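Student: Below is the file target-v2.cif, with mmCIF, C-alpha atoms (C1' of nucleotides).
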data_structure
#
loop_
_atom_site.label_atom_id
_atom_site.label_comp_id
_atom_site.auth_asym_id
_atom_site.auth_seq_id
_atom_site.Cartn_x
_atom_site.Cartn_y
_atom_site.Cartn_z
CA MET A 1 -8.94 8.98 18.74
CA ASN A 2 -10.52 7.85 21.97
CA LYS A 3 -9.42 5.11 24.31
CA ALA A 4 -12.23 2.68 23.52
CA LYS A 5 -11.58 2.95 19.81
CA LYS A 6 -7.86 2.37 20.31
CA ALA A 7 -8.56 -0.72 22.43
CA LYS A 8 -10.92 -2.07 19.79
CA LEU A 9 -8.31 -1.64 17.09
CA GLU A 10 -5.63 -3.30 19.15
CA LYS A 11 -7.92 -6.23 19.68
CA LYS A 12 -8.14 -6.49 15.89
CA GLY A 13 -4.38 -6.82 15.79
CA TRP A 14 -3.28 -3.25 15.11
CA LYS A 15 -0.03 -2.38 16.79
CA LEU A 16 -0.42 1.23 17.76
CA GLY A 17 2.45 3.17 19.23
CA SER A 18 1.68 5.36 22.16
CA ALA A 19 2.77 8.35 24.21
CA ASP A 20 2.72 10.95 21.46
CA GLU A 21 -0.58 12.55 22.23
CA PHE A 22 -3.37 12.84 24.69
CA LEU A 23 -4.69 9.33 24.35
CA GLY A 24 -1.58 7.73 23.06
CA LEU A 25 -1.96 7.75 19.32
CA SER A 26 -0.27 10.25 17.07
CA ALA A 27 -2.36 12.20 14.63
CA GLU A 28 -0.58 10.55 11.72
CA GLU A 29 -1.16 7.05 13.01
CA ALA A 30 -4.80 7.86 13.63
CA ALA A 31 -5.26 9.30 10.15
CA TYR A 32 -3.57 6.30 8.58
CA VAL A 33 -5.75 3.81 10.42
CA GLU A 34 -8.90 5.79 9.75
CA MET A 35 -8.12 5.90 6.06
CA LYS A 36 -7.73 2.17 5.89
CA LEU A 37 -10.94 1.61 7.81
CA ALA A 38 -12.80 4.01 5.53
CA LEU A 39 -11.58 2.03 2.51
CA SER A 40 -12.59 -1.24 4.19
CA GLU A 41 -16.09 0.01 4.72
CA LYS A 42 -16.32 1.35 1.21
CA LEU A 43 -15.24 -2.01 -0.15
CA LYS A 44 -17.90 -3.92 1.74
CA GLU A 45 -20.55 -1.39 0.84
CA LYS A 46 -19.69 -1.54 -2.86
CA ARG A 47 -19.48 -5.33 -2.97
CA VAL A 48 -22.80 -5.77 -1.22
CA ARG A 49 -24.48 -3.16 -3.38
CA LYS A 50 -23.31 -5.10 -6.44
CA LYS A 51 -24.62 -8.31 -4.89
CA LEU A 52 -21.30 -10.07 -5.14
CA THR A 53 -20.08 -12.67 -2.67
CA GLN A 54 -16.59 -12.37 -1.26
CA ALA A 55 -15.64 -15.41 -3.31
CA GLU A 56 -16.89 -13.77 -6.50
CA LEU A 57 -14.98 -10.57 -5.85
CA ALA A 58 -11.91 -12.66 -5.05
CA ARG A 59 -12.16 -14.31 -8.46
CA MET A 60 -12.51 -10.93 -10.16
CA THR A 61 -9.34 -9.65 -8.53
CA ASN A 62 -7.17 -12.79 -8.46
CA SER A 63 -7.40 -12.77 -4.70
CA SER A 64 -9.01 -15.12 -2.21
CA GLN A 65 -12.20 -15.12 -0.18
CA SER A 66 -10.24 -15.01 3.03
CA ARG A 67 -8.27 -11.95 1.98
CA ILE A 68 -11.44 -10.13 0.97
CA ALA A 69 -12.87 -10.98 4.39
CA LYS A 70 -9.76 -9.59 6.06
CA MET A 71 -9.96 -6.43 3.98
CA GLU A 72 -13.54 -5.86 5.02
CA ALA A 73 -12.75 -6.63 8.64
CA GLY A 74 -10.07 -3.95 8.72
CA ASP A 75 -7.30 -6.44 9.30
CA PRO A 76 -3.97 -4.64 9.77
CA THR A 77 -2.13 -7.03 7.45
CA VAL A 78 -4.00 -5.60 4.47
CA SER A 79 -2.26 -2.89 2.48
CA ILE A 80 -3.83 0.27 1.16
CA ASP A 81 -2.59 -0.85 -2.24
CA LEU A 82 -4.75 -3.96 -2.15
CA LEU A 83 -7.78 -2.04 -0.91
CA VAL A 84 -7.37 0.52 -3.67
CA LYS A 85 -6.90 -2.09 -6.39
CA SER A 86 -9.99 -3.94 -5.20
CA LEU A 87 -12.09 -0.80 -5.12
CA LEU A 88 -10.96 0.14 -8.61
CA ALA A 89 -11.90 -3.36 -9.77
CA LEU A 90 -15.37 -2.74 -8.36
CA GLY A 91 -15.65 0.28 -10.61
CA VAL A 92 -15.05 2.97 -8.03
CA SER A 93 -13.63 6.13 -9.60
CA LYS A 94 -10.57 7.99 -8.38
CA LYS A 95 -12.88 10.80 -7.42
CA GLU A 96 -15.01 8.59 -5.21
CA LEU A 97 -11.90 6.97 -3.76
CA GLY A 98 -10.50 10.36 -2.87
CA ARG A 99 -13.72 11.28 -1.14
CA SER A 100 -13.64 8.09 0.93
CA ILE A 101 -10.13 8.81 2.07
CA SER A 102 -10.93 12.36 3.06
CA GLN A 103 -13.85 11.21 5.13
CA GLU A 104 -13.91 12.04 8.83
CA ILE A 105 -15.08 9.19 11.03
CA ALA A 106 -17.53 10.07 13.78
CA GLY A 107 -16.08 9.87 17.24
CA THR A 108 -12.44 10.16 16.38
CA ILE A 109 -9.76 12.78 17.02
CA MET B 1 -3.72 6.53 -21.27
CA ASN B 2 -1.74 7.19 -24.42
CA LYS B 3 1.04 5.12 -25.94
CA ALA B 4 3.87 7.55 -25.14
CA LYS B 5 2.87 7.71 -21.50
CA LYS B 6 2.69 3.94 -21.25
CA ALA B 7 6.15 3.60 -22.80
CA LYS B 8 7.55 6.16 -20.38
CA LEU B 9 6.13 4.29 -17.41
CA GLU B 10 7.46 0.98 -18.64
CA LYS B 11 10.88 2.53 -18.96
CA LYS B 12 10.56 3.44 -15.27
CA GLY B 13 10.02 -0.21 -14.48
CA TRP B 14 6.24 -0.46 -14.35
CA LYS B 15 4.95 -3.79 -15.62
CA LEU B 16 1.73 -2.92 -17.34
CA GLY B 17 -0.51 -5.63 -18.69
CA SER B 18 -1.99 -5.08 -22.07
CA ALA B 19 -4.76 -6.03 -24.45
CA ASP B 20 -7.67 -4.92 -22.29
CA GLU B 21 -8.42 -1.66 -23.94
CA PHE B 22 -7.74 0.58 -26.85
CA LEU B 23 -4.13 1.32 -26.06
CA GLY B 24 -3.40 -1.68 -23.95
CA LEU B 25 -3.98 -0.52 -20.42
CA SER B 26 -7.13 -1.18 -18.46
CA ALA B 27 -8.90 1.72 -16.83
CA GLU B 28 -8.18 0.28 -13.40
CA GLU B 29 -4.48 -0.10 -14.05
CA ALA B 30 -4.33 3.43 -15.39
CA ALA B 31 -6.16 4.84 -12.39
CA TYR B 32 -3.91 2.96 -9.99
CA VAL B 33 -0.73 4.21 -11.64
CA GLU B 34 -2.03 7.75 -11.89
CA MET B 35 -2.90 7.75 -8.21
CA LYS B 36 0.58 6.70 -7.25
CA LEU B 37 2.14 9.29 -9.51
CA ALA B 38 -0.11 11.97 -8.07
CA LEU B 39 1.05 11.03 -4.58
CA SER B 40 4.67 11.04 -5.71
CA GLU B 41 4.35 14.54 -7.03
CA LYS B 42 2.55 15.70 -3.94
CA LEU B 43 5.33 14.32 -1.79
CA LYS B 44 8.04 16.12 -3.69
CA GLU B 45 6.06 19.33 -3.74
CA LYS B 46 5.45 19.21 0.01
CA ARG B 47 9.02 18.32 0.87
CA VAL B 48 10.46 21.07 -1.29
CA ARG B 49 7.98 23.61 0.02
CA LYS B 50 9.13 22.74 3.54
CA LYS B 51 12.75 23.10 2.45
CA LEU B 52 13.67 19.62 3.57
CA THR B 53 16.28 17.46 1.87
CA GLN B 54 15.43 13.88 1.03
CA ALA B 55 17.85 12.81 3.74
CA GLU B 56 16.05 14.94 6.32
CA LEU B 57 12.66 13.59 5.38
CA ALA B 58 14.11 10.09 5.52
CA ARG B 59 15.23 10.70 9.09
CA MET B 60 11.79 12.01 10.03
CA THR B 61 10.11 8.87 8.73
CA ASN B 62 12.67 6.17 9.61
CA SER B 63 13.27 5.65 5.94
CA SER B 64 16.28 6.27 3.72
CA GLN B 65 17.29 8.93 1.22
CA SER B 66 17.24 6.43 -1.60
CA ARG B 67 13.71 5.32 -0.83
CA ILE B 68 12.49 8.91 -0.72
CA ALA B 69 14.14 9.44 -4.10
CA LYS B 70 12.38 6.37 -5.47
CA MET B 71 9.07 7.59 -4.08
CA GLU B 72 9.45 10.93 -5.78
CA ALA B 73 10.59 9.30 -9.01
CA GLY B 74 7.43 7.22 -9.17
CA ASP B 75 9.31 3.95 -8.79
CA PRO B 76 6.91 1.00 -9.02
CA THR B 77 8.45 -0.75 -6.03
CA VAL B 78 7.04 1.91 -3.73
CA SER B 79 3.72 1.13 -2.05
CA ILE B 80 0.83 3.52 -1.66
CA ASP B 81 1.08 2.80 2.06
CA LEU B 82 4.57 4.26 2.22
CA LEU B 83 3.59 7.28 0.16
CA VAL B 84 0.60 7.92 2.38
CA LYS B 85 2.57 7.51 5.60
CA SER B 86 5.23 9.89 4.32
CA LEU B 87 2.69 12.48 3.29
CA LEU B 88 0.98 12.28 6.66
CA ALA B 89 4.37 12.74 8.32
CA LEU B 90 4.77 15.92 6.28
CA GLY B 91 1.57 17.20 7.82
CA VAL B 92 -0.75 16.62 4.90
CA SER B 93 -4.35 16.18 6.01
CA LYS B 94 -6.64 13.35 4.96
CA LYS B 95 -8.68 15.93 3.11
CA GLU B 96 -5.71 17.12 1.07
CA LEU B 97 -4.63 13.54 0.47
CA GLY B 98 -8.06 12.67 -0.82
CA ARG B 99 -7.94 15.60 -3.18
CA SER B 100 -4.57 14.51 -4.54
CA ILE B 101 -5.87 11.05 -5.25
CA SER B 102 -8.95 12.33 -7.03
CA GLN B 103 -6.87 14.49 -9.29
CA GLU B 104 -7.06 13.97 -13.03
CA ILE B 105 -3.71 14.14 -14.79
CA ALA B 106 -3.60 16.12 -17.99
CA GLY B 107 -3.16 14.02 -21.09
CA THR B 108 -4.40 10.71 -19.74
CA ILE B 109 -7.43 8.53 -20.48
"C1'" DT C 1 38.26 23.98 -13.22
"C1'" DG C 2 37.21 21.41 -8.47
"C1'" DA C 3 34.81 20.78 -4.23
"C1'" DC C 4 30.65 20.03 -2.08
"C1'" DA C 5 25.61 19.01 -1.24
"C1'" DA C 6 21.70 16.96 -3.07
"C1'" DT C 7 19.51 13.64 -5.74
"C1'" DA C 8 19.33 9.33 -8.59
"C1'" DT C 9 20.20 4.47 -9.44
"C1'" DG C 10 21.33 -0.37 -8.37
"C1'" DT C 11 21.49 -4.17 -5.24
"C1'" DC C 12 20.18 -7.09 -1.48
"C1'" DA C 13 18.95 -9.28 3.12
"C1'" DG C 14 15.29 -8.79 6.27
"C1'" DT C 15 10.49 -7.69 6.85
"C1'" DT C 16 5.76 -7.45 5.43
"C1'" DC C 17 1.99 -8.71 2.52
"C1'" DT C 18 -0.38 -12.12 -0.30
"C1'" DG C 19 -3.09 -16.04 -2.07
"C1'" DA C 20 -4.17 -20.40 -0.82
"C1'" DC C 21 -5.83 -23.61 2.14
"C1'" DA C 22 -8.22 -25.57 6.17
"C1'" DT C 23 -11.57 -24.92 9.26
"C1'" DA C 24 -14.83 -22.38 12.18
"C1'" DT C 25 -18.85 -19.50 12.72
"C1'" DC C 26 -22.97 -17.48 11.16
"C1'" DA C 27 -27.42 -17.06 8.56
"C1'" DT C 28 -31.31 -18.81 6.13
"C1'" DA C 29 -34.14 -22.27 4.47
"C1'" DC C 30 -36.41 -26.48 4.94
"C1'" DG D 1 -33.14 -30.28 14.13
"C1'" DT D 2 -29.60 -30.14 9.74
"C1'" DA D 3 -28.14 -28.87 5.22
"C1'" DT D 4 -26.30 -25.22 2.55
"C1'" DG D 5 -24.13 -20.91 1.29
"C1'" DA D 6 -21.65 -17.08 2.99
"C1'" DT D 7 -18.39 -15.04 5.93
"C1'" DA D 8 -14.65 -15.19 9.54
"C1'" DT D 9 -10.27 -16.76 11.44
"C1'" DG D 10 -5.67 -18.95 11.57
"C1'" DT D 11 -1.56 -20.41 9.28
"C1'" DC D 12 2.18 -20.42 6.03
"C1'" DA D 13 5.28 -20.52 1.77
"C1'" DG D 14 6.23 -17.48 -1.76
"C1'" DA D 15 6.04 -12.73 -3.53
"C1'" DA D 16 6.58 -7.91 -2.86
"C1'" DC D 17 8.37 -4.05 -0.32
"C1'" DT D 18 11.76 -1.84 2.72
"C1'" DG D 19 15.86 0.37 4.71
"C1'" DA D 20 20.50 0.37 4.13
"C1'" DC D 21 24.43 0.76 1.63
"C1'" DA D 22 27.45 1.84 -2.33
"C1'" DT D 23 27.99 4.52 -6.07
"C1'" DA D 24 26.72 7.60 -9.96
"C1'" DT D 25 24.83 11.81 -11.53
"C1'" DT D 26 23.46 16.48 -11.16
"C1'" DG D 27 23.56 21.20 -9.53
"C1'" DT D 28 25.84 25.21 -7.60
"C1'" DC D 29 29.14 27.59 -5.66
"C1'" DA D 30 33.83 29.98 -5.97
#
Just give me the structure of the file as structure tokens.
Tutor:
Amino acid sequence: MNKAKKAKLEKKGWKLGSADEFLGLSAEEAAYVEMKLALSEKLKEKRVRKKLTQAELARMTNSSQSRIAKMEAGDPTVSIDLLVKSLLALGVSKKELGRSISQEIAGTI
Amino acid sequence: MNKAKKAKLEKKGWKLGSADEFLGLSAEEAAYVEMKLALSEKLKEKRVRKKLTQAELARMTNSSQSRIAKMEAGDPTVSIDLLVKSLLALGVSKKELGRSISQEIAGTI
DNA sequence: TGACAATATGTCAGTTCTGACATATCATAC
DNA sequence: GTATGATATGTCAGAACTGACATATTGTCA
């Protein structure tokens, strides 16, 4: 994970430890953050493709528009659990979910 | 998901809604539970393969022996986040994690 | 058998996540 | 312009999760 990316994440509110590796983010931390961001992007992509508003998806999942917005924005207060439940509610299969998680993000590590 | 499996999970403490589908568990609920169980099993498998005790893994992850035990037992109070973080700490790659999540469990759905 | 290490189970106070709400910003149409 | 719908941001009380601890159970030696 490069320095610019780390700075961008910290601006978003992520608290990233440092000093483990070359640019201050352990491989595990990086993988964890990247997974969550991949799920965020998948969620937005799926919702938009289905032509749902955030408010509509919120209703479908007993959540709220603001939490959906935070999920899509990659807010660090959102759990993987919530992202996964939301994606499943959008009809994403376990297989597709697994693929999203495996995904490498350009420009990292 | 069949009736016996559902009963077994409920005995473990899972609160599963009902009435959505044929045997009372929506496809999304089933997929969510199966994902967590797949991660549980992966965790145990990885820990054992590395010849670590639960207490040792707990130390490595700033957790506790009892929580590791609950993770491996598929306890519903364990989050996917914690499972994922623990697996990453054991050196599992995003790719392998994704594969675990995609996995179909014999005898379900 | 008993002693010991590992794992399982139960509980709980502190922490984190959540939905809800208010409000701000952005986009598109008129 | 400004009205309207959608999305973003900030806050917070209540819900869910967590590590820690105590204790029970299980497994494996001699």
Student: Step by step, work through what the PyMOL selection byres ((chain B) within 12 of (chain D)) selects in the shown file, and finish by giving those residues as a PyMOL selection string.
Tutor: chain B and resi 58-59+61-68+70-71+75-82
Student: Starting from the PyMOL selection byres ((chain B) within 12 of (chain A)), expand the selection into actual residues of this file and give them as a VMD selection string.
Tutor: chain B and resid 26 to 36 38 to 39 61 76 to 105
Student: What does chain A look like once superposed on chain B, all Cα atoms paired in sequence order, least squares? Give it as a PDB file with C-alpha atoms, in the frame of the given file.
Tutor:
ATOM      1  CA  MET A   1      -3.684   6.557 -21.204  1.00  0.00           C
ATOM      2  CA  ASN A   2      -1.741   7.215 -24.365  1.00  0.00           C
ATOM      3  CA  LYS A   3       1.018   5.170 -25.915  1.00  0.00           C
ATOM      4  CA  ALA A   4       3.857   7.570 -25.136  1.00  0.00           C
ATOM      5  CA  LYS A   5       2.873   7.739 -21.495  1.00  0.00           C
ATOM      6  CA  LYS A   6       2.683   3.953 -21.258  1.00  0.00           C
ATOM      7  CA  ALA A   7       6.144   3.617 -22.821  1.00  0.00           C
ATOM      8  CA  LYS A   8       7.554   6.159 -20.390  1.00  0.00           C
ATOM      9  CA  LEU A   9       6.138   4.272 -17.436  1.00  0.00           C
ATOM     10  CA  GLU A  10       7.463   0.969 -18.667  1.00  0.00           C
ATOM     11  CA  LYS A  11      10.874   2.510 -18.983  1.00  0.00           C
ATOM     12  CA  LYS A  12      10.581   3.431 -15.303  1.00  0.00           C
ATOM     13  CA  GLY A  13      10.048  -0.225 -14.528  1.00  0.00           C
ATOM     14  CA  TRP A  14       6.261  -0.471 -14.386  1.00  0.00           C
ATOM     15  CA  LYS A  15       4.965  -3.767 -15.650  1.00  0.00           C
ATOM     16  CA  LEU A  16       1.729  -2.903 -17.355  1.00  0.00           C
ATOM     17  CA  GLY A  17      -0.545  -5.589 -18.687  1.00  0.00           C
ATOM     18  CA  SER A  18      -2.024  -5.022 -22.073  1.00  0.00           C
ATOM     19  CA  ALA A  19      -4.823  -5.914 -24.460  1.00  0.00           C
ATOM     20  CA  ASP A  20      -7.744  -4.823 -22.315  1.00  0.00           C
ATOM     21  CA  GLU A  21      -8.431  -1.503 -23.910  1.00  0.00           C
ATOM     22  CA  PHE A  22      -7.706   0.741 -26.801  1.00  0.00           C
ATOM     23  CA  LEU A  23      -4.088   1.414 -26.004  1.00  0.00           C
ATOM     24  CA  GLY A  24      -3.440  -1.620 -23.937  1.00  0.00           C
ATOM     25  CA  LEU A  25      -3.960  -0.502 -20.386  1.00  0.00           C
ATOM     26  CA  SER A  26      -7.093  -1.202 -18.421  1.00  0.00           C
ATOM     27  CA  ALA A  27      -8.887   1.665 -16.782  1.00  0.00           C
ATOM     28  CA  GLU A  28      -8.150   0.224 -13.355  1.00  0.00           C
ATOM     29  CA  GLU A  29      -4.451  -0.139 -14.016  1.00  0.00           C
ATOM     30  CA  ALA A  30      -4.325   3.389 -15.367  1.00  0.00           C
ATOM     31  CA  ALA A  31      -6.153   4.801 -12.357  1.00  0.00           C
ATOM     32  CA  TYR A  32      -3.887   2.923  -9.979  1.00  0.00           C
ATOM     33  CA  VAL A  33      -0.718   4.179 -11.629  1.00  0.00           C
ATOM     34  CA  GLU A  34      -2.029   7.716 -11.881  1.00  0.00           C
ATOM     35  CA  MET A  35      -2.885   7.726  -8.206  1.00  0.00           C
ATOM     36  CA  LYS A  36       0.591   6.680  -7.251  1.00  0.00           C
ATOM     37  CA  LEU A  37       2.143   9.275  -9.523  1.00  0.00           C
ATOM     38  CA  ALA A  38      -0.110  11.974  -8.089  1.00  0.00           C
ATOM     39  CA  LEU A  39       1.052  11.031  -4.583  1.00  0.00           C
ATOM     40  CA  SER A  40       4.687  11.047  -5.736  1.00  0.00           C
ATOM     41  CA  GLU A  41       4.344  14.542  -7.063  1.00  0.00           C
ATOM     42  CA  LYS A  42       2.556  15.719  -3.967  1.00  0.00           C
ATOM     43  CA  LEU A  43       5.337  14.318  -1.821  1.00  0.00           C
ATOM     44  CA  LYS A  44       8.062  16.135  -3.711  1.00  0.00           C
ATOM     45  CA  GLU A  45       6.075  19.341  -3.766  1.00  0.00           C
ATOM     46  CA  LYS A  46       5.449  19.227  -0.018  1.00  0.00           C
ATOM     47  CA  ARG A  47       9.033  18.330   0.861  1.00  0.00           C
ATOM     48  CA  VAL A  48      10.468  21.088  -1.288  1.00  0.00           C
ATOM     49  CA  ARG A  49       7.991  23.629   0.019  1.00  0.00           C
ATOM     50  CA  LYS A  50       9.120  22.751   3.547  1.00  0.00           C
ATOM     51  CA  LYS A  51      12.742  23.092   2.460  1.00  0.00           C
ATOM     52  CA  LEU A  52      13.660  19.618   3.586  1.00  0.00           C
ATOM     53  CA  THR A  53      16.277  17.458   1.903  1.00  0.00           C
ATOM     54  CA  GLN A  54      15.434  13.877   1.050  1.00  0.00           C
ATOM     55  CA  ALA A  55      17.828  12.800   3.780  1.00  0.00           C
ATOM     56  CA  GLU A  56      16.029  14.951   6.342  1.00  0.00           C
ATOM     57  CA  LEU A  57      12.626  13.590   5.402  1.00  0.00           C
ATOM     58  CA  ALA A  58      14.081  10.083   5.536  1.00  0.00           C
ATOM     59  CA  ARG A  59      15.191  10.694   9.115  1.00  0.00           C
ATOM     60  CA  MET A  60      11.750  12.011  10.044  1.00  0.00           C
ATOM     61  CA  THR A  61      10.069   8.879   8.735  1.00  0.00           C
ATOM     62  CA  ASN A  62      12.620   6.185   9.633  1.00  0.00           C
ATOM     63  CA  SER A  63      13.240   5.657   5.955  1.00  0.00           C
ATOM     64  CA  SER A  64      16.249   6.261   3.742  1.00  0.00           C
ATOM     65  CA  GLN A  65      17.275   8.921   1.258  1.00  0.00           C
ATOM     66  CA  SER A  66      17.236   6.414  -1.548  1.00  0.00           C
ATOM     67  CA  ARG A  67      13.689   5.310  -0.807  1.00  0.00           C
ATOM     68  CA  ILE A  68      12.483   8.904  -0.702  1.00  0.00           C
ATOM     69  CA  ALA A  69      14.154   9.432  -4.078  1.00  0.00           C
ATOM     70  CA  LYS A  70      12.387   6.371  -5.456  1.00  0.00           C
ATOM     71  CA  MET A  71       9.065   7.578  -4.093  1.00  0.00           C
ATOM     72  CA  GLU A  72       9.474  10.919  -5.794  1.00  0.00           C
ATOM     73  CA  ALA A  73      10.605   9.289  -9.016  1.00  0.00           C
ATOM     74  CA  GLY A  74       7.444   7.204  -9.178  1.00  0.00           C
ATOM     75  CA  ASP A  75       9.315   3.954  -8.802  1.00  0.00           C
ATOM     76  CA  PRO A  76       6.917   0.999  -9.063  1.00  0.00           C
ATOM     77  CA  THR A  77       8.446  -0.757  -6.054  1.00  0.00           C
ATOM     78  CA  VAL A  78       7.019   1.908  -3.755  1.00  0.00           C
ATOM     79  CA  SER A  79       3.713   1.147  -2.075  1.00  0.00           C
ATOM     80  CA  ILE A  80       0.814   3.519  -1.670  1.00  0.00           C
ATOM     81  CA  ASP A  81       1.085   2.796   2.039  1.00  0.00           C
ATOM     82  CA  LEU A  82       4.572   4.266   2.205  1.00  0.00           C
ATOM     83  CA  LEU A  83       3.591   7.293   0.137  1.00  0.00           C
ATOM     84  CA  VAL A  84       0.604   7.937   2.375  1.00  0.00           C
ATOM     85  CA  LYS A  85       2.586   7.536   5.591  1.00  0.00           C
ATOM     86  CA  SER A  86       5.239   9.918   4.296  1.00  0.00           C
ATOM     87  CA  LEU A  87       2.696  12.515   3.264  1.00  0.00           C
ATOM     88  CA  LEU A  88       0.995  12.305   6.641  1.00  0.00           C
ATOM     89  CA  ALA A  89       4.390  12.779   8.291  1.00  0.00           C
ATOM     90  CA  LEU A  90       4.785  15.950   6.240  1.00  0.00           C
ATOM     91  CA  GLY A  91       1.589  17.241   7.782  1.00  0.00           C
ATOM     92  CA  VAL A  92      -0.730  16.656   4.861  1.00  0.00           C
ATOM     93  CA  SER A  93      -4.332  16.204   5.996  1.00  0.00           C
ATOM     94  CA  LYS A  94      -6.611  13.370   4.953  1.00  0.00           C
ATOM     95  CA  LYS A  95      -8.652  15.930   3.100  1.00  0.00           C
ATOM     96  CA  GLU A  96      -5.707  17.117   1.045  1.00  0.00           C
ATOM     97  CA  LEU A  97      -4.611  13.530   0.466  1.00  0.00           C
ATOM     98  CA  GLY A  98      -8.046  12.647  -0.827  1.00  0.00           C
ATOM     99  CA  ARG A  99      -7.945  15.570  -3.205  1.00  0.00           C
ATOM    100  CA  SER A 100      -4.569  14.475  -4.572  1.00  0.00           C
ATOM    101  CA  ILE A 101      -5.863  11.009  -5.242  1.00  0.00           C
ATOM    102  CA  SER A 102      -8.948  12.251  -7.022  1.00  0.00           C
ATOM    103  CA  GLN A 103      -6.869  14.426  -9.276  1.00  0.00           C
ATOM    104  CA  GLU A 104      -7.075  13.899 -13.026  1.00  0.00           C
ATOM    105  CA  ILE A 105      -3.729  14.044 -14.790  1.00  0.00           C
ATOM    106  CA  ALA A 106      -3.602  16.014 -18.021  1.00  0.00           C
ATOM    107  CA  GLY A 107      -3.190  13.890 -21.092  1.00  0.00           C
ATOM    108  CA  THR A 108      -4.412  10.618 -19.722  1.00  0.00           C
ATOM    109  CA  ILE A 109      -7.428   8.409 -20.414  1.00  0.00           C
TER     110      ILE A 109
END
Student: To one decimal place in Å, what is the distance between atom CA of A:Lys8 and atom CA of A:Glu41?
Tutor: 16.1 Å
Student: For chain C, report every residue with an atom at most 8 Å from chain A (counting all atoms listed in the file), formatted as a ChimeraX atom specification.
Tutor: /C:17,19-20
